[in-house]
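*Asks:* The following file, start_3.cif, comprises mmCIF, C-alpha atoms and all ligand atoms:
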data_start
#
loop_
_atom_site.label_atom_id
_atom_site.label_comp_id
_atom_site.auth_asym_id
_atom_site.auth_seq_id
_atom_site.Cartn_x
_atom_site.Cartn_y
_atom_site.Cartn_z
CA MET A 21 -17.60 10.34 19.60
CA GLU A 22 -19.01 6.85 20.18
CA LEU A 23 -17.90 5.38 23.55
CA MET A 24 -16.33 2.02 22.84
CA GLU A 25 -15.53 -0.97 25.00
CA PRO A 26 -11.84 -2.02 25.07
CA PHE A 27 -11.08 -4.98 22.83
CA SER A 28 -8.13 -6.84 21.31
CA SER A 29 -7.41 -8.45 17.96
CA LYS A 30 -5.60 -11.60 16.96
CA LEU A 31 -2.86 -10.84 14.50
CA ASP A 32 -1.20 -13.80 12.79
CA LEU A 33 2.42 -12.61 12.68
CA ARG A 34 3.49 -15.12 10.03
CA VAL A 35 0.62 -14.58 7.61
CA GLY A 36 -0.66 -11.09 8.42
CA THR A 37 -4.35 -11.85 8.93
CA LEU A 38 -6.30 -9.82 11.53
CA GLU A 39 -9.31 -11.14 13.51
CA PRO A 40 -11.79 -9.67 14.01
CA SER A 41 -11.75 -7.38 10.99
CA ALA A 42 -14.61 -5.15 9.98
CA ARG A 43 -13.87 -5.64 6.30
CA ILE A 44 -11.40 -7.43 4.05
CA LEU A 45 -10.57 -5.51 0.92
CA ARG A 46 -9.12 -7.39 -2.07
CA ARG A 47 -7.50 -5.70 -5.05
CA HIS A 48 -6.86 -7.55 -8.27
CA LEU A 49 -4.78 -6.30 -11.20
CA SER A 50 -7.97 -5.11 -12.96
CA ASP A 51 -8.73 -2.82 -9.97
CA MET A 52 -5.46 -0.92 -10.42
CA GLN A 53 -4.30 -1.50 -13.96
CA GLU A 54 -3.53 2.18 -14.60
CA MET A 55 -0.96 2.14 -11.76
CA TYR A 56 1.58 0.01 -13.66
CA ALA A 57 3.92 1.15 -16.40
CA ASP A 58 3.59 -1.71 -18.89
CA GLN A 59 0.06 -1.12 -20.16
CA LYS A 60 0.45 -3.41 -23.18
CA ARG A 61 1.39 -6.34 -20.98
CA ILE A 62 -1.56 -5.67 -18.66
CA ARG A 63 -4.01 -5.68 -21.56
CA ARG A 64 -2.56 -8.99 -22.75
CA MET A 65 -2.79 -10.49 -19.25
CA LEU A 66 -6.39 -9.37 -18.71
CA GLU A 67 -7.51 -10.37 -22.22
CA GLY A 68 -5.89 -13.76 -21.62
CA GLY A 69 -8.03 -14.17 -18.46
CA LEU A 70 -5.12 -13.50 -16.07
CA ASP A 71 -6.25 -11.17 -13.27
CA PRO A 72 -4.07 -11.97 -10.22
CA LEU A 73 -4.93 -10.98 -6.66
CA ILE A 74 -2.33 -8.29 -5.83
CA TYR A 75 -3.15 -7.52 -2.19
CA GLU A 76 -5.59 -7.88 0.69
CA VAL A 77 -6.29 -5.39 3.49
CA TYR A 78 -7.78 -6.49 6.82
CA LEU A 79 -9.41 -3.45 8.43
CA SER A 80 -9.93 -3.15 12.18
CA PRO A 81 -13.43 -2.41 13.51
CA VAL A 82 -12.22 1.03 14.74
CA PRO A 83 -14.27 3.93 13.28
CA GLU A 84 -12.43 6.39 11.02
CA VAL A 85 -13.13 9.54 13.06
CA GLU A 86 -11.02 12.11 14.90
CA GLY A 87 -9.51 10.75 18.13
CA GLN A 88 -9.61 7.11 17.06
CA LEU A 89 -6.62 5.06 15.83
CA PRO A 90 -7.83 2.70 13.10
CA TYR A 91 -5.43 -0.07 12.13
CA SER A 92 -5.07 -2.71 9.48
CA THR A 93 -2.87 -5.42 8.10
CA THR A 94 -1.99 -5.68 4.42
CA ILE A 95 -0.75 -8.76 2.59
CA ILE A 96 0.86 -8.11 -0.80
CA TYR A 97 1.38 -11.24 -2.87
CA PRO A 98 4.68 -11.82 -4.70
CA GLY A 99 4.70 -11.13 -8.41
CA LYS A 100 5.50 -8.62 -11.14
CA VAL A 101 3.92 -6.90 -14.08
CA GLY A 102 6.85 -7.09 -16.47
CA HIS A 103 9.74 -5.92 -14.25
CA GLU A 104 7.54 -3.92 -11.86
CA PHE A 105 6.79 -5.53 -8.49
CA PHE A 106 3.24 -6.03 -7.16
CA MET A 107 2.30 -3.07 -4.93
CA THR A 108 -0.57 -1.21 -3.30
CA LYS A 109 -2.39 1.65 -5.05
CA GLY A 110 -0.85 4.22 -2.69
CA HIS A 111 -2.46 7.37 -1.33
CA PHE A 112 -2.06 10.72 0.36
CA HIS A 113 -4.12 11.41 3.44
CA VAL A 114 -6.95 13.87 2.76
CA LYS A 115 -5.69 15.79 5.79
CA ARG A 116 -2.12 16.01 4.54
CA ASP A 117 -0.66 16.65 8.01
CA ARG A 118 -1.67 13.22 9.33
CA ALA A 119 1.16 10.66 9.78
CA GLU A 120 1.11 6.86 9.88
CA ILE A 121 3.15 3.98 11.36
CA TYR A 122 3.91 0.71 9.56
CA LEU A 123 5.32 -2.44 11.16
CA GLY A 124 6.75 -5.22 8.99
CA LEU A 125 5.37 -8.67 9.89
CA ALA A 126 6.42 -11.14 7.19
CA GLY A 127 8.30 -11.22 3.91
CA ASP A 128 10.34 -8.45 2.29
CA GLY A 129 9.13 -5.19 0.91
CA HIS A 130 9.70 -1.51 0.42
CA LEU A 131 7.72 1.48 1.57
CA VAL A 132 7.85 4.16 -1.15
CA MET A 133 6.88 7.68 -0.12
CA GLN A 134 6.40 10.82 -2.16
CA LYS A 135 5.84 14.48 -1.38
CA GLU A 136 3.49 16.60 -3.46
CA ASP A 137 6.51 18.14 -5.26
CA GLY A 138 7.52 14.67 -6.56
CA THR A 139 10.37 13.99 -4.10
CA VAL A 140 10.55 10.23 -3.50
CA ARG A 141 12.07 8.26 -0.62
CA SER A 142 11.95 4.55 0.12
CA GLN A 143 12.53 2.39 3.18
CA ARG A 144 13.21 -1.30 3.10
CA MET A 145 10.80 -3.29 5.24
CA ALA A 146 11.39 -6.68 6.85
CA PRO A 147 9.72 -8.37 9.85
CA GLY A 148 10.24 -6.05 12.81
CA THR A 149 10.86 -2.87 10.79
CA ALA A 150 8.84 0.01 12.23
CA ALA A 151 8.63 2.59 9.44
CA TYR A 152 7.33 6.11 9.91
CA VAL A 153 5.30 7.89 7.25
CA PRO A 154 5.61 11.57 8.18
CA PRO A 155 2.82 14.07 7.51
CA PHE A 156 2.59 15.25 3.85
CA TRP A 157 4.05 12.07 2.30
CA ALA A 158 1.98 9.78 0.05
CA HIS A 159 2.73 6.11 0.71
CA ARG A 160 2.74 2.90 -1.28
CA THR A 161 4.14 -0.51 -0.33
CA VAL A 162 5.79 -2.95 -2.69
CA ASN A 163 6.50 -6.67 -2.35
CA THR A 164 10.13 -6.93 -3.44
CA GLY A 165 10.52 -10.51 -2.24
CA THR A 166 9.38 -13.95 -3.32
CA VAL A 167 6.85 -14.73 -0.55
CA PRO A 168 3.81 -12.72 0.68
CA PHE A 169 4.83 -9.43 2.30
CA ALA A 170 2.66 -8.47 5.30
CA PHE A 171 2.65 -5.38 7.49
CA PHE A 172 0.57 -3.68 10.17
CA ALA A 173 -0.49 -0.02 9.89
CA VAL A 174 -2.04 2.49 12.29
CA TRP A 175 -3.18 6.01 11.41
CA PRO A 176 -5.22 8.91 12.87
CA GLY A 177 -8.94 8.31 12.41
CA ASP A 178 -9.60 11.63 10.72
CA ALA A 179 -6.76 11.28 8.15
CA GLY A 180 -9.00 10.25 5.22
CA HIS A 181 -7.67 8.59 2.06
CA ASP A 182 -7.00 10.53 -1.14
CA TYR A 183 -6.45 8.02 -3.97
CA ARG A 184 -7.36 10.46 -6.75
CA THR A 185 -4.09 12.42 -6.66
CA ILE A 186 -1.96 9.29 -7.14
CA GLU A 187 -4.39 7.90 -9.75
CA THR A 188 -3.96 11.14 -11.69
CA THR A 189 -0.20 11.72 -11.36
CA GLY A 190 1.26 8.33 -10.39
CA PHE A 191 4.44 8.04 -8.34
CA ALA A 192 7.56 9.67 -9.84
CA LYS A 193 9.50 6.43 -9.27
CA MET A 194 8.64 2.77 -9.51
CA MET A 195 10.21 -0.32 -7.96
CA VAL A 196 11.52 -2.80 -10.51
CA SER A 197 13.65 -5.92 -10.54
CA ARG A 198 17.03 -5.42 -12.23
CA ASP A 199 19.74 -8.11 -12.22
CA GLY A 200 17.88 -9.81 -9.37
CA ARG A 201 17.79 -6.64 -7.23
CA ALA A 202 14.95 -4.27 -6.36
CA VAL A 203 15.72 -0.76 -7.62
CA LEU A 204 13.80 2.51 -7.86
CA VAL A 205 13.71 3.93 -11.39
CA GLY A 206 11.88 6.84 -13.04
CA ASN A 207 8.23 6.12 -13.85
CA PRO A 208 7.45 6.94 -17.51
CA ARG A 209 3.76 7.40 -16.62
CA TYR A 210 4.41 10.10 -13.97
CA ARG A 211 2.66 13.36 -14.86
C1 LIG B 301 -4.14 3.19 5.50
C2 LIG B 301 -2.91 2.33 5.42
C3 LIG B 301 -3.07 0.92 4.84
C4 LIG B 301 -3.39 0.91 3.34
C5 LIG B 301 -3.22 -0.47 2.73
C6 LIG B 301 -3.56 -0.55 1.24
O1 LIG B 301 -3.85 4.52 5.82
O2 LIG B 301 -1.90 3.04 4.72
O3 LIG B 301 -4.08 0.24 5.52
O4 LIG B 301 -4.69 1.38 3.11
O5 LIG B 301 -1.90 -0.88 2.90
O6 LIG B 301 -2.96 0.47 0.51
P1 LIG B 301 -3.86 1.47 -0.33
O7 LIG B 301 -2.93 2.50 -0.86
O8 LIG B 301 -4.56 0.68 -1.39
O9 LIG B 301 -4.86 2.05 0.66
ZN ZN B 302 -2.27 6.00 4.83
#
Represent the structure contained in this file as structure tokens.

*Replies:*
Amino acid sequence: MELMEPFSSKLDLRVGTLEPSARILRRHLSDMQEMYADQKRIRRMLEGGLDPLIYEVYLSPVPEVEGQLPYSTTIIYPGKVGHEFFMTKGHFHVKRDRAEIYLGLAGDGHLVMQKEDGTVRSQRMAPGTAAYVPPFWAHRTVNTGTVPFAFFAVWPGDAGHDYRTIETTGFAKMMVSRDGRAVLVGNPRYR
């Protein structure tokens, strides 16, 4: 393993930005259109030239190898596709027995987790919430508030990210707004 010098980062607790970051990843609706239930609405939005920025990920300069602890911040913007809140793509770790820790920084959100058998659990996240993603659970975060939702994450460097499984099956439940409240309902696109 590469021998590194100690270093620190500047994390803006109100906004969620991380400096320095090795890379900033931005996902727009067109990068994850198959993740949402209302496909007709998405086609109309994209054909009408509406392709909102859903979230940004600030990645630490820590290498993704065994023994290291890479970290990131994520900012999910407020918004919905129909009734479904803006969210991350969501993933399993390639090494399924690798866990992760999330820390809420700003705004309101939910962490939705799913086991391979389709069991779903969710945790509400607010500033100061430390949420634990145990081994074997896929994880996706959702902005269920009205301002940007930001959180910090740290995971084992050799975890790896498996997006394919969630792209193929989806999550069994989705987070929607109903009578002004965020609720988990069955996802019609879950296979
Ligand atoms: C990585 C960690 C986060 C997410 C980020 C975006 O293990 O869970 O940094 O990568 O929140 O979500 P996603 O599902 O697009 O990677
Ligand atoms: Zn992860």

*Asks:* Select the residues contacting ligand LIG 301 (chain B) at a distance of at most 6 Å, based on only C-alpha atoms and all ligand atoms, then format the selection as a list in words.

*Replies:*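 These are the residues that qualify: Val77, Ser92, Thr94, Thr108, Lys109, Gly110, His111, Arg160, Ala173 and Trp175 of chain A.
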
*Asks:* Calculate how many Å separate CA of Glu76 (chain A) from CA of Met55 (chain A), rounding to one decimal.

*Replies:*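 Those two atoms sit 16.6 Å apart.
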
*Asks:* Got a sec: who's within 8 Å of Ser29 (chain A), counting all atoms listed in the file, leaving out chain neighbours fewer than 5 positions off, as a compact mmCIF listing (two decimals) with C-alpha atoms, in the frame of the given file?

*Replies:*
# COMPACT_ATOMS: atom_id res chain seq x y z
CA LEU A 38 -6.30 -9.82 11.53
CA GLU A 39 -9.31 -11.14 13.51
CA PRO A 40 -11.79 -9.67 14.01

*Asks:* Taking all atoms listed in the file into account, which residues have an atom no farther than 7 Å from ligand ZN 302 (chain B)? I'd like them as a list in words.

*Replies:*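 Residues lying within 7 Å of ligand ZN 302 (chain B): His111, Phe112, His113, Glu120, His159, Trp175 and His181 of chain A.
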
*Asks:* At what distance in Å, to one decimal, does CA of Gly206 (chain A) lie from CA of Val140 (chain A)?

*Replies:*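 Taking CA of Val140 (chain A) and CA of Gly206 (chain A), their separation equals 10.2 Å.
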
*Asks:* Pull the neighbourhood of (10.3, 6.8, 12.1) for me: all residues within 10 Å in file coordinates, counting only C-alpha atoms, as a VMD selection string.

*Replies:* chain A and resid 120 to 122 149 to 154

*Asks:* Give me the residues near Gly138 (chain A) as a PDB file with C-alpha atoms, in the frame of the given file, where near means some atom within 6 Å (using only C-alpha atoms) and where sequence neighbours in that chain fewer than 3 positions away do not count.

*Replies:*
ATOM      1  CA  GLN A 134       6.400  10.820  -2.160  1.00  0.00           C
ATOM      2  CA  LYS A 135       5.840  14.480  -1.380  1.00  0.00           C
ATOM      3  CA  ALA A 192       7.560   9.670  -9.840  1.00  0.00           C
TER       4      ALA A 192
END

*Asks:* Kindly give the distance, in Å, that separates CA of Leu49 (chain A) and CA of Gly180 (chain A), rounded to a single decimal.

*Replies:*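 We find that CA of Leu49 (chain A) and CA of Gly180 (chain A) lie 23.7 Å from each other.
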